[in-house]
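What follows is one structure encoded as structure tokens, with my remarks underneath.
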Amino acid sequence: MTKEECKKVVLDIIADIAPDEDLSNVKPEVRLRDQLQLDSMDFLDIVMELRKRHGIEVPEADYQQLASLDSCADYLTPKFLAVAAKG
Amino acid sequence: MNTSTHYDVAIIGAGMSGLAAGIRLAHFGKKVCIFERHNAVGGLNSFYSLSGRKFDVGLHALTNFVRPGVKGTPLTKLLRQLRIDRAEFALCEQKQSRVAFGPGGETSLRFTNDFSVFESEIAAQFPVQIDGFRRLVTKIRSFDDVSLDAAPVSARAVVREHITDSLLEDMLFCPVMYYGSAQEHDMEFGQFVIMFKALFLEGFARPLDGVRVILRVLLDKYRRAGGERRMKCGVTKIVAHAGRASALVLDSGEEITATHVISSIGAPETERLINSATGKPLLTPGRLSFVETITILNRQPAELGWGRDTIIFFNDSPRFDYVCPDEPVDVRSGVICIPNNFDYGTDLNLPEGIFRVTCLARYDRWAGLPEDAYQAAKRAWFATVQSSARRFVPTITDNALAEATLTTDMFTPRTITKFTGHIGGAIYGAPVKHRQGRTELENVYLCGTDQGFLGIIGAMLSGISMANYHILQKG
């Protein structure tokens, strides 16, 4: 799993939970909340879908790590690699 | 006990809120079962068949309608949380609605799904009040109405800070109260804000085929997410042990266990299921109930001159009294719904005309009547309700209406209790709401009307919020 692949996974999840958002120009370094209409319910769903689809746990204290696509990639890529190593 | 079925979550009641909670939980892998006493889903918003016709109950219109692209409103949140494509609801917008006050509807405020129509009606008819009204709307727009721990404030008091004409004040409260208030005379301001946004700032719509379209979508999502449901199988008792629900006893006598229980049946109704040590129920059920008359017409209402208005909120008296009446029915005020008057598109409409009228009613004046007297009372009050409402639509003769009428039906507070189990026929539940959904038992939570989000979108959001807050967020 590369960081780019990781960003794609997050974007795919956002596309499913917020199909009414245009994701074609999401800037990876900008906070997701500042460019998309996502509220705390939507962030809960990103976390829940990561667990459901990929077996990745994000504790509540780490939610802020999901602020932008870049921070998602930094935070989640090692977790994806750890899950892959186990599997 | 060892052999009984165990669920992660048991949900009591397959209404809008219970179904929505079920979809969330099943989607995220919880083992969920919904227990419903009735043979149909929908609870207070359902439908029934009589002589081959389908009648909607509850839903006049889906409130909270916003057009595609409008984000951050309850409808959008709901669609996202339940993974529903808005096309699945196939919503068609209202034409126009009105608040009509005075013995012949002399003062009338039109509104549509475009808020500026309502605002300009108020500016034209209450010029002295319009600045105050705009300040009130600004306050409403910025109010955090979904906070789970806001302190209660009187809506009448807040509205009076901005509106000094009691006629306009009552005209604002009438639709808002009729579409969701469990409290007499006044409302909690947060509840007022939820309904004001739902009715005026957002708007009305419905699918051509009515509430069953929405129920079908919910059921389909629930089933595909792996949720179970048991129909004609209510819960008769919640067995409490050390402050937790340890088991549920079903109508069949069977016992099941669940880690969490979500009850959509109402706060006092849930309390009465709990086999608690305290014994006496402490929660007071609501007193506000309704009758509804339904007239099926052999032509489109437009052919009778009734083609303009979708919903009319009426009141004939100097003040609007939202209170449980002394009489079986209070016909001074009410709500007319003409479901044909949504914009279904060119050449599309319901096959028959429908004229529905809802008025406040008193449960105990209906509950104890022997069958003959009950039927006679229904006939008598049907006529009274319909005559009262006809003052607020264009005049037609009794003969013309009789000729156009194919059949009629009516529900009363007694019908509501029979099919929904709500004590006292209280459609909007108890006056005191429980925003966090807590009960006396640690693992039993409320959702639906007594949690306090109103309307059918509110009901679904309530199920979603409680499932998120108490179960999903905690892993």
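As shown in the structure tokens, the chain order sets the letters A, B, ...; within each chain, residues go from 1, and ligands are also counted from 1 in the order they appear.
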
**Item:** Nearby residues (only C-alpha atoms) at most 12 Å from Ser387 of chain B, same-chain spacing under 3 positions excluded, as a PyMOL selection string
**Value:** chain B and resi 104+293+331-334+336+357+380-384+390-393+395-398+401

Keeping N, CA and C atoms, export the residues of the selection given above as an mmCIF file, in the first residue's frame.
```
data_model
loop_
_atom_site.group_PDB
_atom_site.id
_atom_site.type_symbol
_atom_site.label_atom_id
_atom_site.label_comp_id
_atom_site.auth_asym_id
_atom_site.auth_seq_id
_atom_site.Cartn_x
_atom_site.Cartn_y
_atom_site.Cartn_z
ATOM 1 N N GLY B 104 -63.810 32.626 8.130
ATOM 2 C CA GLY B 104 -63.854 32.230 6.726
ATOM 3 C C GLY B 104 -62.461 32.272 6.110
ATOM 4 N N THR B 293 -60.320 12.706 9.023
ATOM 5 C CA THR B 293 -61.342 12.237 8.088
ATOM 6 C C THR B 293 -60.688 12.135 6.709
ATOM 7 N N VAL B 331 -63.169 21.256 16.461
ATOM 8 C CA VAL B 331 -63.150 21.529 15.007
ATOM 9 C C VAL B 331 -62.832 22.995 14.696
ATOM 10 N N ARG B 332 -62.492 23.769 15.729
ATOM 11 C CA ARG B 332 -62.188 25.188 15.466
ATOM 12 C C ARG B 332 -60.924 25.339 14.633
ATOM 13 N N SER B 333 -60.002 24.410 14.818
ATOM 14 C CA SER B 333 -58.775 24.484 14.027
ATOM 15 C C SER B 333 -58.467 23.100 13.471
ATOM 16 N N GLY B 334 -57.555 23.058 12.514
ATOM 17 C CA GLY B 334 -57.218 21.760 11.943
ATOM 18 C C GLY B 334 -56.287 21.897 10.757
ATOM 19 N N ILE B 336 -55.947 20.639 6.635
ATOM 20 C CA ILE B 336 -56.490 19.999 5.433
ATOM 21 C C ILE B 336 -55.299 19.547 4.583
ATOM 22 N N VAL B 357 -58.756 15.675 6.479
ATOM 23 C CA VAL B 357 -58.819 16.745 7.475
ATOM 24 C C VAL B 357 -58.449 16.175 8.843
ATOM 25 N N ALA B 380 -71.056 11.113 13.184
ATOM 26 C CA ALA B 380 -71.454 12.479 13.534
ATOM 27 C C ALA B 380 -70.261 13.436 13.433
ATOM 28 N N TRP B 381 -69.127 13.024 13.987
ATOM 29 C CA TRP B 381 -67.972 13.922 13.975
ATOM 30 C C TRP B 381 -67.358 14.043 12.589
ATOM 31 N N PHE B 382 -67.485 13.012 11.774
ATOM 32 C CA PHE B 382 -67.010 13.115 10.390
ATOM 33 C C PHE B 382 -67.656 14.332 9.733
ATOM 34 N N ALA B 383 -68.994 14.409 9.849
ATOM 35 C CA ALA B 383 -69.735 15.500 9.205
ATOM 36 C C ALA B 383 -69.307 16.854 9.766
ATOM 37 N N THR B 384 -69.132 16.924 11.088
ATOM 38 C CA THR B 384 -68.774 18.197 11.720
ATOM 39 C C THR B 384 -67.372 18.644 11.301
ATOM 40 N N ARG B 390 -64.403 22.792 5.297
ATOM 41 C CA ARG B 390 -64.840 23.318 3.991
ATOM 42 C C ARG B 390 -64.958 24.836 3.980
ATOM 43 N N ARG B 391 -64.977 25.481 5.149
ATOM 44 C CA ARG B 391 -64.992 26.944 5.193
ATOM 45 C C ARG B 391 -63.692 27.536 4.648
ATOM 46 N N PHE B 392 -62.648 26.698 4.578
ATOM 47 C CA PHE B 392 -61.324 27.224 4.223
ATOM 48 C C PHE B 392 -60.885 26.824 2.817
ATOM 49 N N VAL B 393 -61.778 26.170 2.071
ATOM 50 C CA VAL B 393 -61.514 25.881 0.653
ATOM 51 C C VAL B 393 -62.650 26.496 -0.153
ATOM 52 N N THR B 395 -65.929 27.305 -2.025
ATOM 53 C CA THR B 395 -67.245 26.739 -1.727
ATOM 54 C C THR B 395 -67.746 25.826 -2.845
ATOM 55 N N ILE B 396 -68.248 24.669 -2.455
ATOM 56 C CA ILE B 396 -69.037 23.850 -3.377
ATOM 57 C C ILE B 396 -70.285 23.400 -2.615
ATOM 58 N N THR B 397 -71.319 23.010 -3.325
ATOM 59 C CA THR B 397 -72.556 22.636 -2.629
ATOM 60 C C THR B 397 -72.399 21.245 -2.009
ATOM 61 N N ASP B 398 -73.233 20.978 -0.996
ATOM 62 C CA ASP B 398 -73.239 19.656 -0.363
ATOM 63 C C ASP B 398 -73.517 18.578 -1.407
ATOM 64 N N LEU B 401 -70.472 17.793 -3.562
ATOM 65 C CA LEU B 401 -69.485 16.985 -2.849
ATOM 66 C C LEU B 401 -69.979 15.549 -2.711
#
```

Do you have, as a tab-separated table, the list of residues of chain A lying at most 8 Å from chain B, each with its nearest atom pair and that distance in Å to one decimal, counting only C-alpha atoms and ordered by chain then number?
```
residue	atom	partner	partner_atom	distance
A:Asp16	CA	B:Arg83	CA	7.6
A:Ile17	CA	B:Arg80	CA	5.6
A:Ala18	CA	B:Arg80	CA	5.8
A:Pro19	CA	B:Arg80	CA	7.8
A:Asp20	CA	B:Gly69	CA	7.1
A:Gln37	CA	B:Gly72	CA	7.1
A:Met41	CA	B:Gln81	CA	7.7
A:Asp42	CA	B:Gln81	CA	7.7
A:Leu44	CA	B:Gln473	CA	7.3
A:Asp45	CA	B:Gln81	CA	7.9
A:Met48	CA	B:Phe28	CA	7.1
A:Glu49	CA	B:Phe28	CA	7.9
A:Lys52	CA	B:Phe28	CA	6.7
```

Suppose we keep N, CA and C atoms; can you now write the selection as a CSV table (one decimal), in the first residue's frame?
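Writing done, so here's part10.csv:
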```
chain,number,residue,atom,x,y,z
A,16,ASP,N,-18.7,7.0,-1.4
A,16,ASP,CA,-19.9,6.2,-1.0
A,16,ASP,C,-20.7,6.9,0.0
A,17,ILE,N,-20.1,7.5,1.0
A,17,ILE,CA,-20.9,8.1,2.1
A,17,ILE,C,-21.5,9.5,1.7
A,18,ALA,N,-20.8,10.2,0.8
A,18,ALA,CA,-21.3,11.5,0.4
A,18,ALA,C,-21.3,11.6,-1.1
A,19,PRO,N,-22.2,10.8,-1.8
A,19,PRO,CA,-22.2,10.8,-3.2
A,19,PRO,C,-22.6,12.1,-3.9
A,20,ASP,N,-23.1,13.1,-3.0
A,20,ASP,CA,-23.5,14.4,-3.6
A,20,ASP,C,-22.3,15.4,-3.6
A,37,GLN,N,-18.5,19.4,2.2
A,37,GLN,CA,-19.4,19.6,3.3
A,37,GLN,C,-19.5,18.2,4.1
A,41,MET,N,-20.9,13.4,11.7
A,41,MET,CA,-21.5,12.2,11.4
A,41,MET,C,-20.8,11.5,10.2
A,42,ASP,N,-20.3,12.3,9.3
A,42,ASP,CA,-19.7,11.8,8.1
A,42,ASP,C,-18.3,11.2,8.5
A,44,LEU,N,-17.5,10.0,11.4
A,44,LEU,CA,-17.7,8.8,12.1
A,44,LEU,C,-17.8,7.7,11.0
A,45,ASP,N,-18.5,8.0,9.9
A,45,ASP,CA,-18.7,6.9,8.9
A,45,ASP,C,-17.4,6.6,8.2
A,48,MET,N,-15.9,4.2,10.5
A,48,MET,CA,-16.6,2.9,10.6
A,48,MET,C,-16.3,2.1,9.3
A,49,GLU,N,-16.3,2.8,8.2
A,49,GLU,CA,-16.1,2.1,6.9
A,49,GLU,C,-14.6,1.5,6.8
A,52,LYS,N,-14.9,-1.6,8.8
A,52,LYS,CA,-15.7,-2.6,8.1
A,52,LYS,C,-15.0,-3.2,6.9
```

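Close contacts of Gln64 of chain A, defined as residues with an atom at most 12 Å away when counting only C-alpha atoms, with chain neighbours fewer than 6 positions off set aside, comprise Arg31, Leu32, Arg33, Ser40, Phe43, Leu44, Val47, Val58, Ser71, Cys72 and Tyr75 of chain A.
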
Quick one: everything within 6 Å of Leu248 of chain B, counting only C-alpha atoms, minus sequence neighbours fewer than 2 positions away in the same chain. Send it as a tab-separated table (two decimals) with C-alpha atoms, in the first residue's frame.
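Result file follows (result-v7.tsv):
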```tsv
chain	number	residue	atom	x	y	z
B	237	LYS	CA	-41.55	-6.98	29.20
B	238	ILE	CA	-38.02	-5.74	29.63
B	239	VAL	CA	-36.48	-7.76	32.43
B	255	GLU	CA	-37.32	-14.71	25.97
B	256	ILE	CA	-34.43	-13.20	24.07
```

**12 Å contact set for Val30 of chain A, only C-alpha atoms, chain neighbours under 6 positions out, as a ChimeraX atom specification** = /A:36,66-72

Print the selection's residues with N, CA and C atoms to a file, as a tab-separated table (two decimals), in the first residue's frame.
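Resulting contents of result.tsv:
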```
chain	number	residue	atom	x	y	z
A	36	LEU	N	-15.03	20.25	1.50
A	36	LEU	CA	-16.23	19.43	1.29
A	36	LEU	C	-17.17	19.67	2.46
A	66	LEU	N	-7.30	12.40	10.56
A	66	LEU	CA	-8.00	12.21	9.28
A	66	LEU	C	-8.40	13.55	8.64
A	67	ALA	N	-7.81	14.65	9.13
A	67	ALA	CA	-8.25	15.97	8.69
A	67	ALA	C	-8.12	16.17	7.18
A	68	SER	N	-6.96	15.83	6.61
A	68	SER	CA	-6.78	16.02	5.16
A	68	SER	C	-6.37	14.69	4.53
A	69	LEU	N	-6.38	14.63	3.21
A	69	LEU	CA	-5.97	13.39	2.54
A	69	LEU	C	-4.51	13.06	2.85
A	70	ASP	N	-3.65	14.10	2.88
A	70	ASP	CA	-2.23	13.86	3.21
A	70	ASP	C	-2.07	13.29	4.61
A	71	SER	N	-2.80	13.89	5.57
A	71	SER	CA	-2.65	13.39	6.95
A	71	SER	C	-3.26	11.99	7.07
A	72	CYS	N	-4.33	11.73	6.31
A	72	CYS	CA	-4.90	10.38	6.27
A	72	CYS	C	-3.84	9.38	5.81
```

List as an mmCIF file with C-alpha atoms, in the first residue's frame the protein and nucleic acid residues near Ile456 of chain B, meaning an atom at most 8 Å away when only C-alpha atoms are counted, but skip any in the same chain fewer than 2 places from it.
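Below is the file that was written, out29.cif:
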```
data_model
loop_
_atom_site.group_PDB
_atom_site.id
_atom_site.type_symbol
_atom_site.label_atom_id
_atom_site.label_comp_id
_atom_site.auth_asym_id
_atom_site.auth_seq_id
_atom_site.Cartn_x
_atom_site.Cartn_y
_atom_site.Cartn_z
ATOM 1 C CA MET B 16 -39.348 5.171 10.748
ATOM 2 C CA ASN B 45 -46.576 6.671 9.398
ATOM 3 C CA LEU B 59 -47.819 11.397 6.598
ATOM 4 C CA LEU B 62 -42.574 14.721 3.949
ATOM 5 C CA THR B 63 -41.224 17.871 5.584
ATOM 6 C CA LEU B 454 -39.793 15.734 14.953
ATOM 7 C CA GLY B 458 -36.687 13.810 12.372
ATOM 8 C CA ALA B 459 -37.846 10.329 13.330
ATOM 9 C CA MET B 460 -35.300 8.710 11.009
#
```

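Of the listed residues (B:Phe419, B:Phe411, B:Phe35, B:Phe290), B:Phe290 comes nearest to Tyr179 of chain B; the distances count only C-alpha atoms.
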
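Between Tyr374 of chain B and the residues B:Leu348, B:Thr415, B:Val335, B:Leu446, the shortest atom-to-atom distance, using only C-alpha atoms, involves B:Thr415.
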
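Here atom CA of Gly180 of chain B stands at a distance of 21.1 Å from atom CA of Arg438 of chain B.
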
**Request:** From the DSSP assignment of the backbone, select every residue of chain A that is helix (DSSP H, G or I), and format the answer as a VMD selection string.
**Result:** chain A and resid 3 to 17 32 to 35 40 to 54 60 to 66 69 to 86

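Shell of Pro281 of chain B at 8 Å, with only C-alpha atoms counted and residues fewer than 4 places along the chain excluded, is B:Pro268, B:Glu271, B:Arg272.
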
Kindly assemble as a tab-separated table a list of the segment 384-464 of chain B residues that lie within 12 Å of segment 260-264 of chain B, each paired with its nearest atom pair and their distance in Å to one decimal, using only C-alpha atoms, sorted first by chain and then by ascending residue number.
```
residue	atom	partner	partner_atom	distance
B:Thr420	CA	B:Ser264	CA	10.7
B:Gly421	CA	B:Ser264	CA	11.0
B:His422	CA	B:Ser264	CA	10.5
B:Gly429	CA	B:Ser264	CA	10.6
B:Gly437	CA	B:Ile262	CA	9.0
B:Arg438	CA	B:Ile262	CA	9.9
B:Thr439	CA	B:Ser263	CA	9.8
B:Leu441	CA	B:Val261	CA	9.6
B:Glu442	CA	B:His260	CA	8.9
B:Asn443	CA	B:His260	CA	5.1
B:Val444	CA	B:Val261	CA	4.7
B:Tyr445	CA	B:Ile262	CA	4.8
B:Leu446	CA	B:Ser263	CA	4.9
B:Cys447	CA	B:Ser264	CA	4.8
B:Gly448	CA	B:Ser264	CA	5.1
B:Thr449	CA	B:Ser264	CA	7.6
B:Asp450	CA	B:Ser264	CA	8.1
B:Gln451	CA	B:Ser264	CA	8.7
B:Gly452	CA	B:Ser264	CA	11.4
B:Ala459	CA	B:Ser264	CA	9.3
B:Met460	CA	B:Ser264	CA	10.7
B:Ser462	CA	B:Ser264	CA	9.5
B:Gly463	CA	B:Ser264	CA	8.2
B:Ile464	CA	B:Ile262	CA	11.1
```

Would you save the residues from that selection as an mmCIF file, in the first residue's frame, using C-alpha atoms?
```cif
data_model
loop_
_atom_site.group_PDB
_atom_site.id
_atom_site.type_symbol
_atom_site.label_atom_id
_atom_site.label_comp_id
_atom_site.auth_asym_id
_atom_site.auth_seq_id
_atom_site.Cartn_x
_atom_site.Cartn_y
_atom_site.Cartn_z
ATOM 1 C CA THR B 420 -49.379 1.937 17.469
ATOM 2 C CA GLY B 421 -49.635 1.212 21.187
ATOM 3 C CA HIS B 422 -49.187 4.910 22.025
ATOM 4 C CA GLY B 429 -45.624 11.295 22.361
ATOM 5 C CA GLY B 437 -32.368 8.907 24.763
ATOM 6 C CA ARG B 438 -31.520 7.631 28.210
ATOM 7 C CA THR B 439 -33.841 5.531 30.324
ATOM 8 C CA LEU B 441 -31.668 1.190 32.433
ATOM 9 C CA GLU B 442 -28.083 1.681 31.306
ATOM 10 C CA ASN B 443 -28.394 -0.326 28.053
ATOM 11 C CA VAL B 444 -31.908 0.736 27.004
ATOM 12 C CA TYR B 445 -32.165 3.847 24.824
ATOM 13 C CA LEU B 446 -35.100 5.721 23.324
ATOM 14 C CA CYS B 447 -35.438 6.766 19.714
ATOM 15 C CA GLY B 448 -38.341 8.284 17.805
ATOM 16 C CA THR B 449 -40.792 10.914 18.905
ATOM 17 C CA ASP B 450 -39.915 10.929 22.619
ATOM 18 C CA GLN B 451 -36.236 11.466 21.887
ATOM 19 C CA GLY B 452 -37.359 14.760 20.410
ATOM 20 C CA ALA B 459 -37.846 10.329 13.330
ATOM 21 C CA MET B 460 -35.300 8.710 11.009
ATOM 22 C CA SER B 462 -33.441 10.174 15.763
ATOM 23 C CA GLY B 463 -32.894 6.474 15.074
ATOM 24 C CA ILE B 464 -29.606 7.273 13.344
#
```

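Picture a line from atom CA of His162 of chain B to atom CA of Gln129 of chain B; it runs 8.0 Å.
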
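Here the strand (DSSP E or B) residues in segment 179-262 of chain B, by DSSP on the backbone, are Glu188, Ala205, Arg206, Pro207, Glu228, Arg229, Arg230, Val235, Thr236, Lys237, Ile238, Val239, Ala240, His241, Arg244, Ala245, Ser246, Ala247, Leu248, Val249, Leu250, Glu255, Ile256, Thr257, Ala258, Thr259, His260, Val261 and Ile262 of chain B.
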